[in-house]
$ cat upload25.pdb   # PDB, C-alpha atoms and all ligand atoms
ATOM      1  CA  MET A  10     -15.405  92.350 -25.752
ATOM      2  CA  ASN A  11     -14.499  90.146 -22.816
ATOM      3  CA  ARG A  12     -15.123  86.545 -23.464
ATOM      4  CA  ILE A  13     -15.840  84.202 -20.661
ATOM      5  CA  GLU A  14     -13.862  81.060 -21.268
ATOM      6  CA  PRO A  15     -16.055  77.995 -20.903
ATOM      7  CA  HIS A  16     -13.852  76.512 -18.206
ATOM      8  CA  THR A  17     -14.387  79.571 -15.987
ATOM      9  CA  LEU A  18     -18.140  79.011 -15.962
ATOM     10  CA  ALA A  19     -19.624  77.218 -12.997
ATOM     11  CA  PRO A  20     -20.951  73.804 -14.028
ATOM     12  CA  PRO A  21     -24.690  73.947 -14.612
ATOM     13  CA  THR A  22     -26.605  72.399 -11.727
ATOM     14  CA  ALA A  23     -29.889  70.809 -12.688
ATOM     15  CA  PRO A  24     -32.729  72.241 -10.614
ATOM     16  CA  ALA A  25     -34.178  69.600  -8.312
ATOM     17  CA  VAL A  26     -37.445  68.229  -9.703
ATOM     18  CA  PRO A  27     -40.055  68.061  -6.961
ATOM     19  CA  ALA A  28     -41.640  64.619  -6.641
ATOM     20  CA  VAL A  29     -43.913  65.700  -3.800
ATOM     21  CA  GLU A  30     -45.139  69.156  -2.820
ATOM     22  CA  VAL A  31     -47.160  69.613   0.356
ATOM     23  CA  LEU A  32     -48.678  73.061   0.146
ATOM     24  CA  SER A  33     -50.120  74.305   3.442
ATOM     25  CA  ALA A  34     -51.895  70.968   3.804
ATOM     26  CA  GLU A  35     -53.626  70.447   7.127
ATOM     27  CA  LYS A  36     -55.851  67.754   8.584
ATOM     28  CA  THR A  37     -58.634  67.767  11.130
ATOM     29  CA  TYR A  38     -60.439  64.428  11.451
ATOM     30  CA  PRO A  39     -64.247  64.356  11.490
ATOM     31  CA  ASN A  40     -64.198  63.792  15.282
ATOM     32  CA  GLY A  41     -62.450  67.158  15.696
ATOM     33  CA  THR A  42     -58.887  65.859  16.269
ATOM     34  CA  GLN A  43     -56.518  68.376  14.781
ATOM     35  CA  ALA A  44     -53.945  65.922  13.459
ATOM     36  CA  LEU A  45     -51.857  68.363  11.405
ATOM     37  CA  LEU A  46     -51.433  72.121  11.329
ATOM     38  CA  PRO A  47     -50.611  73.464   7.832
ATOM     39  CA  VAL A  48     -47.499  71.682   6.516
ATOM     40  CA  ASP A  49     -45.265  72.964   3.720
ATOM     41  CA  LEU A  50     -42.766  70.472   2.420
ATOM     42  CA  SER A  51     -41.103  69.846  -0.912
ATOM     43  CA  ILE A  52     -39.418  66.530  -1.654
ATOM     44  CA  ALA A  53     -37.189  66.305  -4.713
ATOM     45  CA  GLU A  54     -36.901  63.283  -6.958
ATOM     46  CA  GLY A  55     -34.322  60.868  -5.613
ATOM     47  CA  GLU A  56     -34.458  62.066  -2.010
ATOM     48  CA  PHE A  57     -34.782  59.666   0.918
ATOM     49  CA  VAL A  58     -36.834  61.629   3.425
ATOM     50  CA  THR A  59     -37.733  60.326   6.865
ATOM     51  CA  LEU A  60     -40.580  61.604   9.016
ATOM     52  CA  LEU A  61     -39.607  61.318  12.670
ATOM     53  CA  GLY A  62     -41.439  62.460  15.797
ATOM     54  CA  PRO A  63     -43.294  61.421  18.945
ATOM     55  CA  SER A  64     -46.371  59.236  18.776
ATOM     56  CA  GLY A  65     -49.422  61.033  17.436
ATOM     57  CA  CYS A  66     -47.541  63.847  15.669
ATOM     58  CA  GLY A  67     -49.255  63.088  12.361
ATOM     59  CA  LYS A  68     -46.566  61.127  10.487
ATOM     60  CA  SER A  69     -49.016  58.532   9.174
ATOM     61  CA  THR A  70     -51.618  61.187   8.459
ATOM     62  CA  LEU A  71     -49.131  63.124   6.329
ATOM     63  CA  LEU A  72     -47.978  59.996   4.490
ATOM     64  CA  LYS A  73     -51.565  58.920   3.790
ATOM     65  CA  MET A  74     -52.362  62.375   2.424
ATOM     66  CA  VAL A  75     -49.390  62.109   0.032
ATOM     67  CA  ALA A  76     -50.726  58.700  -1.045
ATOM     68  CA  GLY A  77     -54.196  60.160  -1.652
ATOM     69  CA  MET A  78     -55.657  57.804   0.973
ATOM     70  CA  LEU A  79     -56.745  60.836   3.032
ATOM     71  CA  GLU A  80     -57.993  64.223   1.873
ATOM     72  CA  PRO A  81     -56.454  67.309   3.503
ATOM     73  CA  SER A  82     -58.984  69.521   5.316
ATOM     74  CA  ASP A  83     -57.295  72.479   3.660
ATOM     75  CA  GLY A  84     -54.280  73.096   1.409
ATOM     76  CA  ARG A  85     -53.054  70.887  -1.427
ATOM     77  CA  LEU A  86     -50.662  68.077  -2.214
ATOM     78  CA  LEU A  87     -49.011  67.601  -5.564
ATOM     79  CA  VAL A  88     -47.170  64.517  -6.745
ATOM     80  CA  TRP A  89     -45.029  65.183  -9.801
ATOM     81  CA  ARG A  90     -46.761  68.541 -10.049
ATOM     82  CA  LYS A  91     -50.257  67.037 -10.252
ATOM     83  CA  PRO A  92     -52.986  66.553  -7.652
ATOM     84  CA  VAL A  93     -52.747  62.999  -6.316
ATOM     85  CA  SER A  94     -56.226  62.265  -7.700
ATOM     86  CA  GLN A  95     -54.883  62.778 -11.249
ATOM     87  CA  LEU A  96     -51.934  60.468 -10.860
ATOM     88  CA  HIS A  97     -53.536  57.739 -12.991
ATOM     89  CA  ASP A  98     -52.833  60.021 -15.999
ATOM     90  CA  SER A  99     -49.143  60.064 -15.125
ATOM     91  CA  ALA A 100     -46.562  57.605 -16.394
ATOM     92  CA  ARG A 101     -45.124  57.533 -12.895
ATOM     93  CA  ARG A 102     -46.309  55.419 -10.027
ATOM     94  CA  MET A 103     -46.227  55.312  -6.261
ATOM     95  CA  SER A 104     -46.519  52.432  -3.814
ATOM     96  CA  PHE A 105     -47.387  52.301  -0.138
ATOM     97  CA  VAL A 106     -45.819  49.782   2.253
ATOM     98  CA  PHE A 107     -47.648  49.378   5.581
ATOM     99  CA  GLN A 108     -46.253  48.591   9.015
ATOM    100  CA  SER A 109     -47.581  45.042   8.968
ATOM    101  CA  PRO A 110     -47.117  42.867   5.886
ATOM    102  CA  THR A 111     -50.929  42.347   5.472
ATOM    103  CA  LEU A 112     -50.523  39.245   3.324
ATOM    104  CA  MET A 113     -53.393  36.955   2.289
ATOM    105  CA  PRO A 114     -52.626  33.910   4.474
ATOM    106  CA  TRP A 115     -54.259  31.391   2.114
ATOM    107  CA  ALA A 116     -52.323  32.567  -0.962
ATOM    108  CA  SER A 117     -48.731  31.835  -1.997
ATOM    109  CA  VAL A 118     -46.006  34.464  -1.863
ATOM    110  CA  GLN A 119     -46.223  34.745  -5.646
ATOM    111  CA  THR A 120     -49.988  35.351  -5.618
ATOM    112  CA  ASN A 121     -49.648  37.917  -2.838
ATOM    113  CA  VAL A 122     -47.011  39.863  -4.745
ATOM    114  CA  ARG A 123     -49.014  39.631  -7.986
ATOM    115  CA  LEU A 124     -52.133  41.185  -6.411
ATOM    116  CA  PRO A 125     -51.576  44.822  -7.569
ATOM    117  CA  LEU A 126     -50.915  43.568 -11.125
ATOM    118  CA  ASP A 127     -54.021  41.351 -11.087
ATOM    119  CA  LEU A 128     -56.053  44.338  -9.914
ATOM    120  CA  ALA A 129     -54.582  46.432 -12.738
ATOM    121  CA  GLY A 130     -55.442  43.731 -15.297
ATOM    122  CA  VAL A 131     -51.834  43.029 -16.315
ATOM    123  CA  PRO A 132     -51.722  39.829 -18.446
ATOM    124  CA  ARG A 133     -50.758  36.786 -16.404
ATOM    125  CA  LYS A 134     -47.526  35.963 -18.233
ATOM    126  CA  GLU A 135     -46.153  39.496 -17.925
ATOM    127  CA  ALA A 136     -47.356  39.691 -14.317
ATOM    128  CA  ASP A 137     -45.622  36.449 -13.369
ATOM    129  CA  ALA A 138     -42.348  37.639 -14.893
ATOM    130  CA  ARG A 139     -42.562  40.888 -12.950
ATOM    131  CA  VAL A 140     -43.383  39.050  -9.724
ATOM    132  CA  MET A 141     -40.241  36.926 -10.068
ATOM    133  CA  GLU A 142     -38.171  40.033 -10.810
ATOM    134  CA  SER A 143     -39.572  41.725  -7.734
ATOM    135  CA  LEU A 144     -39.006  38.676  -5.520
ATOM    136  CA  ALA A 145     -35.420  38.513  -6.765
ATOM    137  CA  LEU A 146     -34.926  42.149  -5.702
ATOM    138  CA  VAL A 147     -35.754  41.205  -2.104
ATOM    139  CA  GLY A 148     -33.939  37.838  -2.275
ATOM    140  CA  LEU A 149     -37.043  35.657  -2.054
ATOM    141  CA  GLU A 150     -37.283  34.085  -5.499
ATOM    142  CA  LYS A 151     -36.911  30.618  -3.976
ATOM    143  CA  PHE A 152     -39.987  31.155  -1.820
ATOM    144  CA  ALA A 153     -42.458  32.054  -4.574
ATOM    145  CA  GLY A 154     -44.622  28.996  -3.888
ATOM    146  CA  ALA A 155     -44.519  29.206  -0.077
ATOM    147  CA  LEU A 156     -47.418  30.287   2.103
ATOM    148  CA  PRO A 157     -46.810  33.350   4.312
ATOM    149  CA  ARG A 158     -46.990  31.311   7.541
ATOM    150  CA  ALA A 159     -43.912  29.357   6.468
ATOM    151  CA  LEU A 160     -41.871  32.587   6.496
ATOM    152  CA  SER A 161     -40.270  34.585   9.311
ATOM    153  CA  GLY A 162     -41.506  38.109  10.148
ATOM    154  CA  GLY A 163     -38.595  39.652   8.239
ATOM    155  CA  MET A 164     -39.288  37.507   5.187
ATOM    156  CA  GLN A 165     -42.983  38.413   5.274
ATOM    157  CA  MET A 166     -41.999  42.074   5.308
ATOM    158  CA  ARG A 167     -39.805  41.436   2.265
ATOM    159  CA  VAL A 168     -42.827  39.942   0.516
ATOM    160  CA  SER A 169     -44.747  43.111   1.346
ATOM    161  CA  ILE A 170     -41.902  45.217  -0.101
ATOM    162  CA  ALA A 171     -41.806  43.015  -3.216
ATOM    163  CA  ARG A 172     -45.549  43.651  -3.609
ATOM    164  CA  GLY A 173     -44.806  47.385  -3.311
ATOM    165  CA  LEU A 174     -42.082  47.137  -5.963
ATOM    166  CA  VAL A 175     -43.957  44.966  -8.449
ATOM    167  CA  THR A 176     -45.751  47.969  -9.970
ATOM    168  CA  GLN A 177     -42.297  49.491 -10.622
ATOM    169  CA  PRO A 178     -42.954  52.622  -8.544
ATOM    170  CA  ASP A 179     -40.927  55.814  -8.728
ATOM    171  CA  LEU A 180     -42.108  56.909  -5.280
ATOM    172  CA  LEU A 181     -42.179  54.549  -2.308
ATOM    173  CA  LEU A 182     -44.144  55.551   0.801
ATOM    174  CA  MET A 183     -43.287  53.424   3.834
ATOM    175  CA  ASP A 184     -45.116  53.666   7.161
ATOM    176  CA  GLU A 185     -42.803  52.185   9.828
ATOM    177  CA  PRO A 186     -42.237  49.087   7.733
ATOM    178  CA  PHE A 187     -39.641  47.478  10.000
ATOM    179  CA  GLY A 188     -40.927  48.669  13.386
ATOM    180  CA  ALA A 189     -42.131  45.247  14.506
ATOM    181  CA  LEU A 190     -38.927  43.396  13.595
ATOM    182  CA  ASP A 191     -35.942  42.469  15.730
ATOM    183  CA  GLU A 192     -32.876  44.716  15.587
ATOM    184  CA  ILE A 193     -30.696  42.484  13.369
ATOM    185  CA  THR A 194     -33.442  41.860  10.801
ATOM    186  CA  ARG A 195     -34.257  45.538  10.807
ATOM    187  CA  HIS A 196     -30.655  46.528  10.058
ATOM    188  CA  LYS A 197     -30.487  43.991   7.261
ATOM    189  CA  LEU A 198     -33.715  45.282   5.681
ATOM    190  CA  ASP A 199     -32.592  48.898   6.115
ATOM    191  CA  ALA A 200     -29.383  48.110   4.207
ATOM    192  CA  ASP A 201     -31.314  46.249   1.497
ATOM    193  CA  LEU A 202     -33.755  49.124   1.169
ATOM    194  CA  LEU A 203     -30.926  51.606   0.642
ATOM    195  CA  GLU A 204     -29.509  49.342  -2.056
ATOM    196  CA  LEU A 205     -32.894  49.235  -3.798
ATOM    197  CA  TRP A 206     -33.346  52.984  -3.494
ATOM    198  CA  ARG A 207     -30.018  53.543  -5.220
ATOM    199  CA  LYS A 208     -30.411  50.848  -7.828
ATOM    200  CA  LYS A 209     -33.943  51.868  -8.816
ATOM    201  CA  LYS A 210     -33.400  55.628  -8.339
ATOM    202  CA  LEU A 211     -36.496  55.779  -6.131
ATOM    203  CA  THR A 212     -37.846  58.656  -4.118
ATOM    204  CA  VAL A 213     -38.685  57.395  -0.622
ATOM    205  CA  ILE A 214     -40.724  58.872   2.212
ATOM    206  CA  PHE A 215     -40.184  56.726   5.284
ATOM    207  CA  VAL A 216     -41.848  56.928   8.699
ATOM    208  CA  THR A 217     -39.976  55.684  11.755
ATOM    209  CA  HIS A 218     -39.637  56.128  15.515
ATOM    210  CA  SER A 219     -35.969  55.192  15.377
ATOM    211  CA  ILE A 220     -33.314  57.915  15.375
ATOM    212  CA  HIS A 221     -30.646  55.427  14.275
ATOM    213  CA  GLU A 222     -32.714  54.161  11.381
ATOM    214  CA  ALA A 223     -33.405  57.765  10.336
ATOM    215  CA  VAL A 224     -29.701  58.729  10.313
ATOM    216  CA  PHE A 225     -28.630  55.544   8.562
ATOM    217  CA  LEU A 226     -31.170  55.805   5.762
ATOM    218  CA  SER A 227     -32.018  59.399   5.104
ATOM    219  CA  SER A 228     -30.749  62.194   2.978
ATOM    220  CA  ARG A 229     -33.113  64.419   5.002
ATOM    221  CA  VAL A 230     -35.007  64.026   8.275
ATOM    222  CA  VAL A 231     -38.206  65.956   8.955
ATOM    223  CA  MET A 232     -38.912  66.284  12.681
ATOM    224  CA  MET A 233     -42.526  66.634  13.763
ATOM    225  CA  ALA A 234     -44.217  67.483  17.087
ATOM    226  CA  ALA A 235     -47.686  66.487  18.331
ATOM    227  CA  ARG A 236     -50.915  67.963  19.665
ATOM    228  CA  PRO A 237     -51.409  69.433  17.168
ATOM    229  CA  GLY A 238     -49.091  67.702  14.686
ATOM    230  CA  ARG A 239     -46.656  69.940  12.818
ATOM    231  CA  VAL A 240     -43.211  70.052  11.238
ATOM    232  CA  VAL A 241     -40.732  71.647  13.649
ATOM    233  CA  GLU A 242     -37.227  71.064  12.256
ATOM    234  CA  GLN A 243     -35.416  69.542   9.291
ATOM    235  CA  PHE A 244     -31.955  67.982   9.074
ATOM    236  CA  GLN A 245     -29.885  67.256   6.010
ATOM    237  CA  ILE A 246     -27.792  64.108   6.539
ATOM    238  CA  ASP A 247     -24.812  65.093   4.428
ATOM    239  CA  GLU A 248     -23.050  61.740   4.393
ATOM    240  CA  PRO A 249     -22.164  59.886   1.207
ATOM    241  CA  TYR A 250     -23.897  56.766  -0.045
ATOM    242  CA  PRO A 251     -23.499  53.835  -0.157
ATOM    243  CA  ARG A 252     -23.684  53.594   3.622
ATOM    244  CA  SER A 253     -22.678  50.367   5.296
ATOM    245  CA  ALA A 254     -23.031  49.195   8.894
ATOM    246  CA  ASP A 255     -19.594  50.793   9.506
ATOM    247  CA  PHE A 256     -21.224  54.224   9.121
ATOM    248  CA  MET A 257     -23.169  53.534  12.332
ATOM    249  CA  VAL A 258     -20.002  53.505  14.460
ATOM    250  CA  THR A 259     -18.485  56.720  13.084
ATOM    251  CA  PRO A 260     -18.294  60.026  15.013
ATOM    252  CA  GLU A 261     -20.376  61.618  12.217
ATOM    253  CA  PHE A 262     -23.193  59.137  12.821
ATOM    254  CA  ALA A 263     -23.074  59.851  16.558
ATOM    255  CA  LYS A 264     -23.152  63.588  15.862
ATOM    256  CA  TYR A 265     -26.292  63.320  13.715
ATOM    257  CA  ALA A 266     -27.944  60.938  16.194
ATOM    258  CA  LYS A 267     -27.292  63.399  19.035
ATOM    259  CA  ARG A 268     -28.757  66.279  17.036
ATOM    260  CA  LEU A 269     -31.866  64.285  16.255
ATOM    261  CA  GLN A 270     -32.157  63.105  19.851
ATOM    262  CA  ASP A 271     -32.040  66.706  21.109
ATOM    263  CA  SER A 272     -34.567  67.731  18.495
ATOM    264  CA  LEU A 273     -36.887  64.829  19.373
ATOM    265  CA  LEU A 274     -36.665  65.852  23.019
ATOM    266  CA  ARG A 275     -37.577  69.422  22.097
ATOM    267  CA  ALA A 276     -40.462  68.119  19.973
ATOM    268  CA  SER A 277     -41.707  65.922  22.838
ATOM    269  CA  ASN A 278     -41.432  68.769  25.346
ATOM    270  CA  ALA A 279     -43.336  70.997  22.933
ATOM    271  CA  ASP A 280     -46.206  68.461  23.131
ATOM    272  CA  GLU A 281     -46.244  68.586  26.909
ATOM    273  CA  GLU A 282     -46.170  72.379  26.985
ATOM    274  CA  HIS A 283     -49.058  72.399  24.512
ATOM    275  CA  ALA A 284     -50.992  69.935  26.640
ATOM    276  CA  ARG A 285     -50.620  72.048  29.818
TER     277      ARG A 285
HETATM  278  N1  LIG B 301     -59.132  58.200  11.718
HETATM  279  C1  LIG B 301     -58.851  59.021  12.718
HETATM  280  N2  LIG B 301     -59.827  59.684  13.365
HETATM  281  C2  LIG B 301     -59.552  60.537  14.378
HETATM  282  N3  LIG B 301     -58.318  60.810  14.827
HETATM  283  C3  LIG B 301     -57.299  60.169  14.220
HETATM  284  C4  LIG B 301     -57.507  59.246  13.151
HETATM  285  N4  LIG B 301     -56.290  58.786  12.742
HETATM  286  C5  LIG B 301     -55.383  59.380  13.533
HETATM  287  N5  LIG B 301     -55.977  60.212  14.424
HETATM  288  C6  LIG B 301     -55.318  61.067  15.414
HETATM  289  O1  LIG B 301     -54.536  62.009  14.693
HETATM  290  C7  LIG B 301     -53.295  62.253  15.379
HETATM  291  C8  LIG B 301     -52.148  61.902  14.439
HETATM  292  O2  LIG B 301     -52.182  60.499  14.202
HETATM  293  P1  LIG B 301     -51.109  59.750  13.289
HETATM  294  O3  LIG B 301     -51.454  58.317  13.309
HETATM  295  O4  LIG B 301     -51.023  60.429  11.994
HETATM  296  O5  LIG B 301     -49.776  60.024  14.113
HETATM  297  P2  LIG B 301     -48.368  59.253  14.045
HETATM  298  O6  LIG B 301     -47.326  60.285  14.242
HETATM  299  O7  LIG B 301     -48.305  58.444  12.813
HETATM  300  O8  LIG B 301     -48.488  58.316  15.328
HETATM  301  P3  LIG B 301     -47.697  56.970  15.688
HETATM  302  O9  LIG B 301     -46.239  57.328  15.725
HETATM  303  O10 LIG B 301     -48.202  56.603  17.038
HETATM  304  O11 LIG B 301     -48.026  55.949  14.635
HETATM  305  C9  LIG B 301     -53.347  61.406  16.642
HETATM  306  O12 LIG B 301     -53.821  62.219  17.696
HETATM  307  C10 LIG B 301     -54.341  60.317  16.313
HETATM  308  O13 LIG B 301     -54.982  59.848  17.476
END
$ encode --input "upload25.pdb" --output "structure tokens" --more "lines below"
Ligand SMILES: Nc1ncnc2c1ncn2[C@@H]1O[C@H](COP(=O)(O)OP(=O)(O)OP(=O)(O)O)[C@@H](O)[C@H]1O
Amino acid sequence: MNRIEPHTLAPPTAPAVPAVEVLSAEKTYPNGTQALLPVDLSIAEGEFVTLLGPSGCGKSTLLKMVAGMLEPSDGRLLVWRKPVSQLHDSARRMSFVFQSPTLMPWASVQTNVRLPLDLAGVPRKEADARVMESLALVGLEKFAGALPRALSGGMQMRVSIARGLVTQPDLLLMDEPFGALDEITRHKLDADLLELWRKKKLTVIFVTHSIHEAVFLSSRVVMMAARPGRVVEQFQIDEPYPRSADFMVTPEFAKYAKRLQDSLLRASNADEEHAR
């Protein structure tokens, strides 16, 4: 009998575990706006997926459906193989970070970050320890007692991210979190986010309008088109991590950016053709 020597066997590759499955999920708002045609999308644990596309293509709608903040009109969404509504039974958690920091202006940074733990009834001592851990992750531990108005826009966004991290999520949903920030601050936060993603082994779904941000951050980019919103193309960004600012001046970066730019143009033209 022929024996297959162990070293001739291909190494076993672990099948990717899906963190999020969007199964023909579509959305029409009560006023009749068809925000999303049926979308099918599977996101594996540990991926960094960016949703990119022209204004109104349904990026936020899709993200909010994943979060369970919006019900699909048809189809289903599973998070770790369960309907989002049953996630409270799961040991895993997700967090949502909005475009604006939405901090309570009268409360300290520490109190703002502690909010999700207070709402979940986590004992104060444990909550405070986790708040400090979370603030340290975004480099703001020295500002725990400050009021939001004493902080810059970038620092306020860090507070918002710390609040998203304080529940120790496995899945982070981010709706254009750095869109309102200046270029330098944005780059800095992008780099910090990648560091966190790697360190904490997160799965991230990130919405942006920026091609450069999408290439820098993502392992995969999902391109969408509008009127009605739909997924039109997907791009794997096959570049190793960690990625530093140097990556942004490489020919590979330029190649991906050009591909996405062409795709975004096609997606935008598809809108106009639809509208005619
Ligand atoms: N609550 C709502 N009721 C009715 N229509 C809505 C509602 N929310 C969004 N829409 C519409 O659904 C479509 C998709 O909106 P959505 O905000 O998901 O797009 P987006 O890609 O995130 O846009 P942007 O890039 O401008 O933030 C748009 O036509 C929008 O006007």
$ resolve_selection --input "upload25.pdb" --expression "the PyMOL selection byres (((chain A and resi 133-142) around 12) and not hetatm)" --output "PyMOL selection string"
chain A and resi 117-132+143-154+168-177
$ resolve_selection --input "upload25.pdb" --expression "the PyMOL selection byres (((chain A and resi 69-71) around 8) and not hetatm)" --output "ChimeraX atom specification"
/A:36,44-45,67-68,72-75,79,184,216
$ residues_around --input "upload25.pdb" --residues "Arg275 of chain A" --least-positions-apart "3" --cutoff "12 Å" --atoms "all atoms listed in the file" --output "ChimeraX atom specification"
/A:62-63,232-235,241-242,268-272,278-282
$ closest_residue --input "upload25.pdb" --among "A:Phe105, A:Trp115, A:Phe57, A:Phe215" --to "ligand LIG 301 (chain B)" --atoms "only C-alpha atoms and all ligand atoms"
A:Phe215
$ closest_residue --input "upload25.pdb" --among "A:Leu273, A:Ala53, A:Leu87, A:Leu190" --to "Leu211 of chain A" --atoms "only C-alpha atoms"
A:Ala53
$ resolve_selection --input "upload25.pdb" --expression "the PyMOL selection byres (((chain A and resi 34) around 8) and not hetatm)" --output "list in words"
Val31, Leu32, Ser33, Glu35, Lys36, Leu46, Pro47, Val48, Asp49, Pro81, Ser82, Asp83, Gly84, Arg85 and Leu86 of chain A
$ atom_distance --input "upload25.pdb" --atom1 "atom CA of Glu80 of chain A" --atom2 "atom CA of Val240 of chain A"
18.4 Å
$ residues_around --input "upload25.pdb" --residues "segment 259-264 of chain A" --least-positions-apart "2" --cutoff "9 Å" --atoms "all atoms listed in the file" --output "number ranges by chain"
A: 221, 224-225, 248, 255-257, 266-269
$ residues_around --input "upload25.pdb" --residues "segment 191-200 of chain A" --least-positions-apart "6" --cutoff "10 Å" --atoms "all atoms listed in the file" --output "VMD selection string"
chain A and resid 147 162 to 164 166 to 167 206 221 to 223 225 to 226 251 to 254
$ closest_residue --input "upload25.pdb" --among "A:Ala155, A:Ile52, A:Met183, A:Val88" --to "ligand LIG 301 (chain B)" --atoms "all atoms listed in the file"
A:Met183
$ atom_distance --input "upload25.pdb" --atom1 "atom CA of Thr212 of chain A" --atom2 "atom CA of Leu181 of chain A"
6.2 Å
$ axis_aligned_box --input "upload25.pdb" --around "ligand LIG 301 (chain B)" --padding-each-side "5 Å" --output "lines of an AutoDock Vina configuration file"
center_x = -53.0
center_y = 59.1
center_z = 14.7
size_x = 23.6
size_y = 16.3
size_z = 16.0
$ atom_distance --input "upload25.pdb" --atom1 "atom CA of Val29 of chain A" --atom2 "atom CA of Lys91 of chain A"
9.1 Å
$ closest_residue --input "upload25.pdb" --among "A:Arg207, A:His97, A:Arg229, A:Arg102" --to "Tyr250 of chain A" --atoms "all atoms listed in the file"
A:Arg207
$ closest_residue --input "upload25.pdb" --among "A:Asp179, A:Glu54, A:Glu185, A:Asp98" --to "ligand LIG 301 (chain B)" --atoms "only C-alpha atoms and all ligand atoms"
A:Glu185
$ closest_residue --input "upload25.pdb" --among "A:Gln165, A:Ser51, A:Asn40, A:Ser109" --to "Gly188 of chain A" --atoms "all atoms listed in the file"
A:Ser109
$ residues_around --input "upload25.pdb" --residues "Val231 of chain A" --least-positions-apart "5" --cutoff "7 Å" --atoms "only C-alpha atoms" --output "ChimeraX atom specification"
/A:59-61,240,242-244
